[in-house]
There are 2 protein chains.
Amino acid sequence: MGARHEERRRQIAEALLAIIDLHGLDAVSLRDVAARAEVSLGAVQHYFRSKDEMLLFALDYISERGTERVRRSLGQGEQPPRAVLRDILAELVPADDQRRAELRIATAFTARSLVSPKLADHLRAGYDSLYDVLVLLIRHAQEADEMPAGLDPERTAAALFALAEGLGMQVLIGHRNPRTALAILDEHLDRLSTTAS
Amino acid sequence: MGARHEERRRQIAEALLAIIDLHGLDAVSLRDVAARAEVSLGAVQHYFRSKDEMLLFALDYISERGTERVRRSLGQGEQPPRAVLRDILAELVPADDQRRAELRIATAFTARSLVSPKLADHLRAGYDSLYDVLVLLIRHAQEADEMPAGLDPERTAAALFALAEGLGMQVLIGHRNPRTALAILDEHLDRLSTTAS
């Protein structure tokens with residue numbers, strides 16, 4: 001893919017996210033996205049032709065953006081695995097407007113995936129691969145003596161993943177503020193790191 | 001409210017849940033609900049006139065049904081607070097078809113509440129009051145020496161609530177099976193009960 005192609009893709013994705021954020025998912029049309037991105041309808045249709053494809057496109061884009069943020073926050077060189085683990089989990093809690101907009105879209109996607117097997121497959125695959133990354137990081141943290149060897153990496157990853165996701169949802173709907181949510185996540189990580197078994 | 005009124009309300013609610021479960025939320029019309037419940041359109045409109053009111057009605061109904069299940073599972077007489085706490089948290093994990101259908105509806109409601117302030121208020125109030133119940137149960141469990149006095153009831157309730165909600169979502173989308181999810185929840189409760197601080 002050329003740089004121009006990449007730039008156009010980014011342009012369309014940003015327009016799409018802005019419209020969803022302003023008007024909600026139901027109101028978006030391909031035509032609106034084209035107008036806001038200042039490209040032709042044909043250019044938009046190159047990336048998605050239906051609402052489901054549009055959501056897939058948006059979800060892939062925000063997932064890349066999240067990965068990029070984690071990469072940047074970790075900076076250059078090797079980071080301790082526990083810090084990487086914490087950064088990835090914290091991405092699930094919407095602590096600013098950008099993450100909030102992203103989680104709104106992910107939630108719309110989840111709701112829609114409950115009646116669309118194709119979206120459901122995509123979503124499940126995303127969860128599975130994020131879970132695999134968490135398990136791997138916990139193993140590395142154990143090898144680096146940052147987490148107790150006695151912890152079951154899979155169970156621990158599953159619990160941390162679910163906790164972060166639940167906190168994210170509760171922040172999104174306004175039941176909890178982001179600062180407390182992140183403090184709860186950190187407490188849980190600290191407790192795990194000092195548990196004997 | 002008379003018994004006949006209650007019966008009609010139940011009839012309409014069950015028809016609504018069945019249609020949402022079969023065809024998804026987008027496809028439901030008030031007319032379909034009336035037909036399936038074998039009542040007049042006017043009777044349905046007595047309970048809800050718009051899609052948002054319909055969702056509110058469905059959500060209130062499944063929330064009552066959940067409360068009723070907890071009550072039944074706890075049986076007659078006083079139960080230890082920790083058992084009540086566990087039962088309420090387990091309700092958030094869809095371990096059978098009925099709970100699965102309910103959580104699908106709750107998820108549709110959540111997604112819609114992100115673009116509807118009225119629904120958002122209702123949802124937040126529901127979260128807040130469930131959270132209050134959890135805090136209260138943890139305090140009772142501490143008084144009954146079932147949980148360590150050193151635990152912060154509010155932080156503990158928040159973490160348990162988020163964990164159970166995240167697990168429920170991950171079961172719903174098929175990332176995790178209900179048995180493992182409930183085991184993770186129980187492990188977490190056990191670890192809390194044996195923690196010193």
# chains A, B, ... in the order shown; residues from 1 in each chain; ligands from 1

call {"tool": "residues_around", "arguments": {"residues": "range 78-81 of chain A", "least_positions_apart": "2", "cutoff": "9 Å", "atoms": "only C-alpha atoms", "output": "PyMOL selection string"}}
result
chain A and resi 74-76+83-86+137-142+144+146

call {"tool": "select_by_dssp", "arguments": {"residues": "range 17-193 of chain A", "states": "helix (DSSP H, G or I)", "output": "VMD selection string"}}
result
chain A and resid 17 to 23 30 to 37 41 to 47 51 to 74 81 to 90 97 to 113 117 to 143 153 to 172 178 to 193

call {"tool": "residues_around", "arguments": {"residues": "Ala58 in chain A", "least_positions_apart": "2", "cutoff": "10 Å", "atoms": "only C-alpha atoms", "output": "compact mmCIF listing (two decimals) with C-alpha atoms, in the first residue's frame"}}
result
# COMPACT_ATOMS: atom_id res chain seq x y z
CA ILE A 12 -11.98 8.31 5.68
CA ALA A 13 -11.61 6.56 9.02
CA GLU A 14 -11.32 9.85 10.92
CA LEU A 16 -16.34 8.07 9.95
CA LEU A 17 -15.37 8.17 13.64
CA ILE A 20 -20.46 8.26 14.58
CA PHE A 48 -16.68 -0.51 2.85
CA ASP A 52 -21.30 -3.98 8.77
CA GLU A 53 -18.21 -3.47 6.59
CA MET A 54 -18.08 0.12 7.79
CA LEU A 55 -18.05 -1.03 11.41
CA LEU A 56 -15.34 -3.58 10.65
CA ASP A 60 -9.76 -2.22 12.72
CA TYR A 61 -8.76 1.40 12.61
CA ILE A 62 -9.32 2.08 16.31
CA SER A 63 -7.60 -1.16 17.22
CA GLU A 64 -4.52 -0.09 15.22
CA GLU A 102 -13.53 4.48 20.35
CA ILE A 105 -17.96 2.42 18.53
CA ALA A 106 -16.72 -0.87 19.94
CA PHE A 109 -20.10 -3.13 17.18

call {"tool": "interface_residues", "arguments": {"of": "chain B", "to": "chain A", "cutoff": "9 Å", "atoms": "only C-alpha atoms", "output": "VMD selection string"}}
result
chain B and resid 21 to 25 104 to 105 107 to 115 120 to 121 123 to 125 127 to 128 155 to 156 158 to 170 172 to 176 180 to 181 184 to 185 188

call {"tool": "residues_around", "arguments": {"residues": "Val39 in chain B", "least_positions_apart": "3", "cutoff": "12 Å", "atoms": "only C-alpha atoms", "output": "mmCIF file with C-alpha atoms, in the first residue's frame"}}
result
data_model
loop_
_atom_site.group_PDB
_atom_site.id
_atom_site.type_symbol
_atom_site.label_atom_id
_atom_site.label_comp_id
_atom_site.auth_asym_id
_atom_site.auth_seq_id
_atom_site.Cartn_x
_atom_site.Cartn_y
_atom_site.Cartn_z
ATOM 1 C CA GLU B 7 -50.620 -11.043 33.557
ATOM 2 C CA ARG B 8 -50.997 -8.907 30.431
ATOM 3 C CA ARG B 9 -47.793 -7.075 31.218
ATOM 4 C CA ARG B 10 -45.960 -10.401 31.557
ATOM 5 C CA GLN B 11 -47.484 -11.651 28.290
ATOM 6 C CA ILE B 12 -46.347 -8.579 26.363
ATOM 7 C CA ALA B 13 -42.887 -8.644 27.915
ATOM 8 C CA ALA B 15 -43.508 -11.711 23.463
ATOM 9 C CA LEU B 30 -45.006 -2.715 18.258
ATOM 10 C CA ARG B 31 -47.360 -4.495 15.857
ATOM 11 C CA ASP B 32 -45.255 -7.701 15.956
ATOM 12 C CA VAL B 33 -45.238 -7.641 19.727
ATOM 13 C CA ALA B 34 -49.038 -7.239 19.823
ATOM 14 C CA ALA B 35 -49.498 -10.117 17.372
ATOM 15 C CA ARG B 36 -47.206 -12.475 19.257
ATOM 16 C CA GLY B 42 -53.530 -0.379 21.965
ATOM 17 C CA ALA B 43 -52.723 -2.764 24.806
ATOM 18 C CA VAL B 44 -49.047 -2.756 23.807
ATOM 19 C CA GLN B 45 -49.003 1.032 23.495
ATOM 20 C CA HIS B 46 -50.237 1.225 27.056
#

call {"tool": "closest_residue", "arguments": {"among": "A:Leu130, A:Leu189, A:Ala37, A:Glu6", "to": "Gly66 in chain A", "atoms": "only C-alpha atoms"}}
result
A:Leu130

call {"tool": "atom_distance", "arguments": {"atom1": "CA of Asp132 in chain B", "atom2": "CA of Glu154 in chain B"}}
result
8.6 Å

call {"tool": "atom_distance", "arguments": {"atom1": "CA of Ser193 in chain B", "atom2": "CA of Ala90 in chain B"}}
result
16.9 Å

call {"tool": "atom_distance", "arguments": {"atom1": "CA of Glu68 in chain A", "atom2": "CA of Leu182 in chain A"}}
result
20.1 Å
